[in-house]
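The file run_6.cif comes next; it holds mmCIF, C-alpha atoms.
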data_structure
loop_
_atom_site.label_atom_id
_atom_site.label_comp_id
_atom_site.auth_asym_id
_atom_site.auth_seq_id
_atom_site.Cartn_x
_atom_site.Cartn_y
_atom_site.Cartn_z
CA ASP A 1 0.00 0.00 0.00
CA ALA A 2 1.37 3.40 -0.98
CA LYS A 3 2.30 5.63 1.95
CA THR A 4 1.44 9.29 2.32
CA THR A 5 3.34 12.07 4.11
CA GLN A 6 1.59 15.14 5.47
CA PRO A 7 2.66 18.00 7.74
CA THR A 8 1.61 17.41 11.31
CA SER A 9 -0.19 20.73 11.70
CA MET A 10 -1.09 23.94 9.87
CA ASP A 11 -2.79 27.20 10.68
CA CYS A 12 -5.04 29.22 8.40
CA ALA A 13 -6.80 32.55 8.83
CA GLU A 14 -10.57 32.49 8.59
CA GLY A 15 -11.76 33.45 5.11
CA ARG A 16 -8.45 32.62 3.49
CA ALA A 17 -7.68 29.57 1.36
CA ALA A 18 -6.24 26.58 3.17
CA ASN A 19 -3.76 24.57 1.12
CA LEU A 20 -2.95 21.17 2.57
CA PRO A 21 -0.09 19.28 0.90
CA CYS A 22 0.43 15.55 0.67
CA ASN A 23 3.30 13.48 -0.72
CA HIS A 24 2.64 10.02 -2.14
CA SER A 25 5.74 9.26 -4.16
CA THR A 26 5.14 5.48 -4.32
CA ILE A 27 1.63 5.73 -5.76
CA SER A 28 0.93 3.34 -8.61
CA GLY A 29 -0.89 4.15 -11.80
CA ASN A 30 -4.35 2.93 -10.85
CA GLU A 31 -4.45 4.10 -7.24
CA TYR A 32 -6.69 6.99 -6.27
CA VAL A 33 -5.91 9.80 -3.85
CA TYR A 34 -8.64 10.35 -1.25
CA TRP A 35 -9.08 13.11 1.30
CA TYR A 36 -11.09 12.80 4.49
CA ARG A 37 -11.40 14.99 7.52
CA GLN A 38 -12.27 14.20 11.11
CA ILE A 39 -13.73 16.64 13.53
CA HIS A 40 -13.12 15.71 17.14
CA SER A 41 -15.03 12.64 18.33
CA GLN A 42 -16.83 12.13 15.04
CA GLY A 43 -16.45 9.66 12.20
CA PRO A 44 -14.30 10.76 9.24
CA GLN A 45 -16.06 12.74 6.55
CA TYR A 46 -15.32 12.21 2.88
CA ILE A 47 -14.11 15.34 1.08
CA ILE A 48 -12.89 14.49 -2.41
CA HIS A 49 -10.88 12.01 -4.44
CA GLY A 50 -9.07 11.87 -7.78
CA LEU A 51 -6.84 9.79 -10.02
CA LYS A 52 -4.84 12.17 -12.22
CA ASN A 53 -7.02 15.13 -13.13
CA ASN A 54 -7.77 18.01 -10.82
CA GLU A 55 -11.13 17.69 -9.12
CA THR A 56 -13.52 20.19 -7.55
CA ASN A 57 -16.70 19.79 -5.57
CA GLU A 58 -18.75 21.90 -3.20
CA MET A 59 -16.31 21.34 -0.37
CA ALA A 60 -12.86 21.58 -1.87
CA SER A 61 -10.51 21.29 -4.83
CA LEU A 62 -7.89 18.61 -5.34
CA ILE A 63 -4.77 19.41 -7.33
CA ILE A 64 -2.67 16.39 -8.35
CA THR A 65 0.76 16.93 -9.86
CA GLU A 66 1.43 15.57 -13.32
CA ASP A 67 3.74 12.85 -11.99
CA ARG A 68 1.08 12.03 -9.33
CA LYS A 69 3.67 11.99 -6.58
CA SER A 70 1.99 14.73 -4.61
CA SER A 71 -1.31 16.53 -4.26
CA THR A 72 -2.85 19.55 -2.55
CA LEU A 73 -6.26 19.88 -1.00
CA ILE A 74 -7.61 23.41 -1.22
CA LEU A 75 -10.38 24.76 0.98
CA PRO A 76 -11.11 28.02 -0.84
CA HIS A 77 -12.55 30.04 2.04
CA ALA A 78 -11.76 28.40 5.35
CA THR A 79 -14.19 28.83 8.23
CA LEU A 80 -13.80 28.03 11.89
CA ARG A 81 -15.85 24.87 11.31
CA ASP A 82 -13.13 23.59 8.98
CA THR A 83 -10.84 23.06 11.97
CA ALA A 84 -10.19 19.31 11.88
CA VAL A 85 -7.66 16.60 11.14
CA TYR A 86 -7.28 16.13 7.39
CA TYR A 87 -6.20 12.75 6.05
CA CYS A 88 -4.66 12.12 2.65
CA ILE A 89 -5.00 8.47 1.64
CA VAL A 90 -3.89 6.41 -1.32
CA ARG A 91 -6.47 3.73 -1.85
CA SER A 92 -5.16 0.26 -2.60
CA SER A 93 -6.01 -0.82 -6.13
CA ASN A 94 -5.88 -4.49 -5.12
CA THR A 95 -8.09 -4.48 -2.06
CA GLY A 96 -9.83 -1.11 -2.00
CA LYS A 97 -8.66 -0.59 1.58
CA LEU A 98 -8.34 2.93 2.98
CA ILE A 99 -5.21 3.10 5.12
CA PHE A 100 -5.10 6.27 7.20
CA GLY A 101 -1.88 8.02 8.19
CA GLN A 102 -1.50 10.58 10.96
CA GLY A 103 -3.06 13.42 9.01
CA THR A 104 -2.68 17.20 9.26
CA THR A 105 -4.35 19.09 12.07
CA LEU A 106 -5.71 22.27 10.49
CA GLN A 107 -6.47 25.10 12.88
CA VAL A 108 -8.55 27.89 11.38
CA LYS A 109 -8.11 31.07 13.38
CA PRO A 110 -10.35 34.17 13.52
CA SER B 111 -30.24 6.69 0.23
CA GLN B 112 -27.69 4.67 2.12
CA THR B 113 -27.22 4.89 5.85
CA ILE B 114 -24.90 3.25 8.32
CA HIS B 115 -25.85 2.53 11.91
CA GLN B 116 -23.40 1.78 14.65
CA TRP B 117 -24.16 1.18 18.29
CA PRO B 118 -23.77 1.76 21.12
CA ALA B 119 -22.31 5.26 21.03
CA THR B 120 -20.42 4.81 24.29
CA LEU B 121 -19.55 1.75 26.31
CA VAL B 122 -17.71 1.13 29.56
CA GLN B 123 -16.66 -2.46 30.13
CA PRO B 124 -14.53 -4.17 32.79
CA VAL B 125 -11.31 -5.94 31.90
CA GLY B 126 -11.98 -9.57 31.01
CA SER B 127 -15.57 -9.00 29.90
CA PRO B 128 -16.79 -9.84 26.38
CA LEU B 129 -17.52 -7.28 23.68
CA SER B 130 -19.94 -7.11 20.79
CA LEU B 131 -20.26 -4.03 18.59
CA GLU B 132 -22.72 -4.09 15.74
CA CYS B 133 -22.81 -2.17 12.49
CA THR B 134 -25.53 -2.31 9.86
CA VAL B 135 -25.85 -0.65 6.48
CA GLU B 136 -29.12 0.18 4.75
CA GLY B 137 -29.89 1.07 1.17
CA THR B 138 -27.21 -0.90 -0.65
CA SER B 139 -26.24 -4.48 -1.43
CA ASN B 140 -22.96 -6.35 -1.09
CA PRO B 141 -21.01 -3.46 0.39
CA ASN B 142 -17.40 -3.66 1.47
CA LEU B 143 -17.37 -3.28 5.25
CA TYR B 144 -14.57 -2.06 7.51
CA TRP B 145 -13.77 -1.82 11.23
CA TYR B 146 -11.29 0.82 12.37
CA ARG B 147 -9.97 1.72 15.80
CA GLN B 148 -8.60 5.05 16.95
CA ALA B 149 -6.66 5.17 20.19
CA ALA B 150 -6.64 8.47 22.07
CA GLY B 151 -4.68 11.08 20.13
CA ARG B 152 -3.80 8.67 17.36
CA GLY B 153 -4.80 8.01 13.74
CA LEU B 154 -7.25 5.41 12.48
CA GLN B 155 -6.05 1.82 12.36
CA LEU B 156 -7.77 -0.61 10.02
CA LEU B 157 -8.70 -3.74 11.98
CA PHE B 158 -10.85 -5.83 9.64
CA TYR B 159 -12.43 -5.56 6.24
CA SER B 160 -14.94 -7.73 4.44
CA VAL B 161 -15.89 -8.01 0.79
CA GLY B 162 -18.79 -10.42 1.36
CA ILE B 163 -20.66 -12.65 3.79
CA GLY B 164 -18.24 -14.78 5.77
CA GLN B 165 -15.21 -13.16 4.10
CA ILE B 166 -13.14 -11.36 6.71
CA SER B 167 -9.57 -10.11 6.40
CA SER B 168 -7.67 -9.21 9.54
CA GLU B 169 -5.15 -6.41 9.32
CA VAL B 170 -3.65 -6.53 12.79
CA PRO B 171 -3.45 -9.61 15.03
CA GLN B 172 -5.01 -8.80 18.36
CA ASN B 173 -7.63 -9.56 20.91
CA LEU B 174 -10.52 -8.91 18.55
CA SER B 175 -12.46 -10.77 15.88
CA ALA B 176 -15.04 -9.81 13.30
CA SER B 177 -17.94 -11.58 11.67
CA ARG B 178 -20.33 -10.83 8.85
CA PRO B 179 -23.39 -13.04 9.34
CA GLN B 180 -25.52 -11.10 6.87
CA ASP B 181 -24.79 -9.02 3.80
CA ARG B 182 -25.14 -5.67 5.54
CA GLN B 183 -24.20 -6.60 9.09
CA PHE B 184 -20.69 -6.44 10.52
CA ILE B 185 -19.90 -7.40 14.10
CA LEU B 186 -16.76 -6.75 16.12
CA SER B 187 -16.21 -9.05 19.09
CA SER B 188 -13.86 -9.95 21.87
CA LYS B 189 -14.03 -12.81 24.36
CA LYS B 190 -12.00 -10.98 27.02
CA LEU B 191 -11.31 -7.27 26.86
CA LEU B 192 -7.92 -5.79 27.74
CA LEU B 193 -7.22 -2.27 28.92
CA SER B 194 -5.46 -1.66 25.60
CA ASP B 195 -8.72 -2.32 23.75
CA SER B 196 -10.00 1.09 24.84
CA GLY B 197 -10.55 3.46 21.94
CA PHE B 198 -12.91 4.88 19.37
CA TYR B 199 -14.26 2.14 17.07
CA LEU B 200 -15.57 3.08 13.66
CA CYS B 201 -17.45 1.06 11.10
CA ALA B 202 -17.43 2.05 7.44
CA TRP B 203 -18.86 0.84 4.15
CA SER B 204 -18.12 1.36 0.49
CA LEU B 205 -19.15 -0.01 -2.84
CA THR B 206 -16.75 -2.36 -4.57
CA GLY B 207 -13.88 -0.69 -6.41
CA VAL B 208 -11.34 2.03 -5.73
CA ASN B 209 -13.26 4.88 -7.33
CA THR B 210 -15.94 4.96 -4.63
CA GLU B 211 -15.85 6.77 -1.35
CA ALA B 212 -16.25 5.06 2.01
CA PHE B 213 -18.82 6.28 4.50
CA PHE B 214 -18.26 6.09 8.22
CA GLY B 215 -20.60 5.57 11.14
CA GLN B 216 -20.53 7.84 14.15
CA GLY B 217 -18.39 5.47 16.18
CA THR B 218 -18.43 3.72 19.54
CA ARG B 219 -16.23 5.06 22.31
CA LEU B 220 -15.13 2.04 24.36
CA THR B 221 -13.49 2.45 27.74
CA VAL B 222 -12.15 -0.68 29.38
CA VAL B 223 -11.76 -0.26 33.13
#

Is it possible to express this structure as structure tokens?
Amino acid sequence: DAKTTQPTSMDCAEGRAANLPCNHSTISGNEYVYWYRQIHSQGPQYIIHGLKNNETNEMASLIITEDRKSSTLILPHATLRDTAVYYCIVRSSNTGKLIFGQGTTLQVKP
Amino acid sequence: SQTIHQWPATLVQPVGSPLSLECTVEGTSNPNLYWYRQAAGRGLQLLFYSVGIGQISSEVPQNLSASRPQDRQFILSSKKLLLSDSGFYLCAWSLTGVNTEAFFGQGTRLTVV
């Protein structure tokens, strides 16, 4: 299973864009990049996923580099409610398992 | 629409007692099912996953077992709980394939005393 590397923590000012990086240099060609977030004491919430093209939905945008070795999750206008742990995951193409790393704790500040 | 139910929400059990946590999914057929555990201040650890009835894969050898007696029912069990079994247990489901998101239940917070 491909491993991901994320910064342990980040701060972002309310109303500004939050850019969360993720490295996944061992990703294989048919593995997807998934992003989830977890607010304290709740189950993880799906945000977005992609294979090679950039993706956008109502929550966020996902930018994947051309070599697919890294990606960035963008929250365009962060609010205080976006404070959470954000997990970048490479989903196994063989088993479909989601293996979580330690994630990035994003603190949105007023 | 699909929903996932997990219960109980909180549980306090003495060391050496048995455990049974149940998870059910509604609104879909033949889902992939997962059990995760999150120790205090830690990330999510995949414990078991299942691609069909009676098909269980264990990720980490430990004091727990899982069963899938019905298509949309996933049970996590232990015969004798240890203090180290304390944590936040999460059930999740997804459709088959890697281009489908997984949906998580609200979790059970287990404290072994």

Neighbours of B:Ala149 within 10 Å (only C-alpha atoms; same-chain residues fewer than 3 positions away dropped), as a CSV table (one decimal) with C-alpha atoms, keeping the file's coordinate frame?
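Result went into part_5.csv, see below:
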chain,number,residue,atom,x,y,z
B,152,ARG,CA,-3.8,8.7,17.4
B,153,GLY,CA,-4.8,8.0,13.7
B,154,LEU,CA,-7.2,5.4,12.5
B,155,GLN,CA,-6.0,1.8,12.4
B,194,SER,CA,-5.5,-1.7,25.6
B,195,ASP,CA,-8.7,-2.3,23.8
B,196,SER,CA,-10.0,1.1,24.8
B,197,GLY,CA,-10.6,3.5,21.9
B,198,PHE,CA,-12.9,4.9,19.4
B,199,TYR,CA,-14.3,2.1,17.1
B,219,ARG,CA,-16.2,5.1,22.3
B,220,LEU,CA,-15.1,2.0,24.4

- Would you give me, as a ChimeraX atom specification, the residues of chain A that come within 9 Å of chain B, using all atoms listed in the file? /A:30-32,34,41-46,48-51,91-103

- Task: Run the PyMOL selection byres ((chain B and resi 163) around 12) mentally over the shown coordinates, then write out the matched residues as a ChimeraX atom specification, using the chain letters and numbers from the document.
- Result: /B:139-143,159-162,164-167,176-185

- Message: Can you translate the PyMOL selection byres ((chain B and resi 122) around 7) into the concrete residues it hits in this file, as a list in words?
- Response: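 Against this file, the PyMOL selection byres ((chain B and resi 122) around 7) returns the residues Thr120, Leu121, Gln123, Pro124, Leu220, Thr221 and Val222 of chain B.
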
- Radius query 10 Å about (-12.7, 20.7, 12.3), atoms used: all atoms listed in the file, as a PyMOL selection string: chain A and resi 37-40+42+79-86+105-108

- Message: For A:Gln6, find every residue with an atom within 9 Å (counting only C-alpha atoms), except residues of its own chain fewer than 4 positions away, and show them as a list in words.
- Response: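 Result of the neighbour search: Leu20, Pro21, Cys22, Asn23, Tyr87, Cys88, Gly101, Gln102, Gly103 and Thr104 of chain A.
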
- atom CA of A:Thr8 to atom CA of B:Leu157: how many Å, to one decimal?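 Separating atom CA of A:Thr8 from atom CA of B:Leu157 is a distance of 23.5 Å.
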
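Picture a line from atom CA of B:Asn173 to atom CA of B:Pro128; it runs 10.7 Å.
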
- Item | Å distance separating atom CA of A:Ala78 from atom CA of A:Met10, one decimal place |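 Answer for the atom CA of A:Ala78 to atom CA of A:Met10 separation: 12.4 Å.
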
- Message: So that I can check the surroundings of stretch 53-63 of chain A, please list as a list of chain:residue names every protein, DNA and RNA residue that reaches within 8 Å of it, counting only C-alpha atoms and ignoring chain neighbours fewer than 3 positions away.
- Response: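 Final neighbour list, sorted by chain and number: A:Ile47, A:Ile48, A:His49, A:Gly50, A:Ser71, A:Thr72, A:Leu73, A:Ile74, A:Leu75, A:Pro76.
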
- Task: Name the residues that the PyMOL selection byres ((chain B and resi 174) around 8) pulls out of this structure, and write them as a PyMOL selection string.
- Result: chain B and resi 171-173+175-176+186-189

Once 3 Å is added on each side, what are the centre and the three edge lengths, in Å to one decimal, of the axis-aligned box enclosing the listed atoms of stretch 209-215 of chain B? Present them as lines of an AutoDock Vina configuration file.
center_x = -16.9
center_y = 5.8
center_z = 1.9
size_x = 13.3
size_y = 7.9
size_z = 24.5
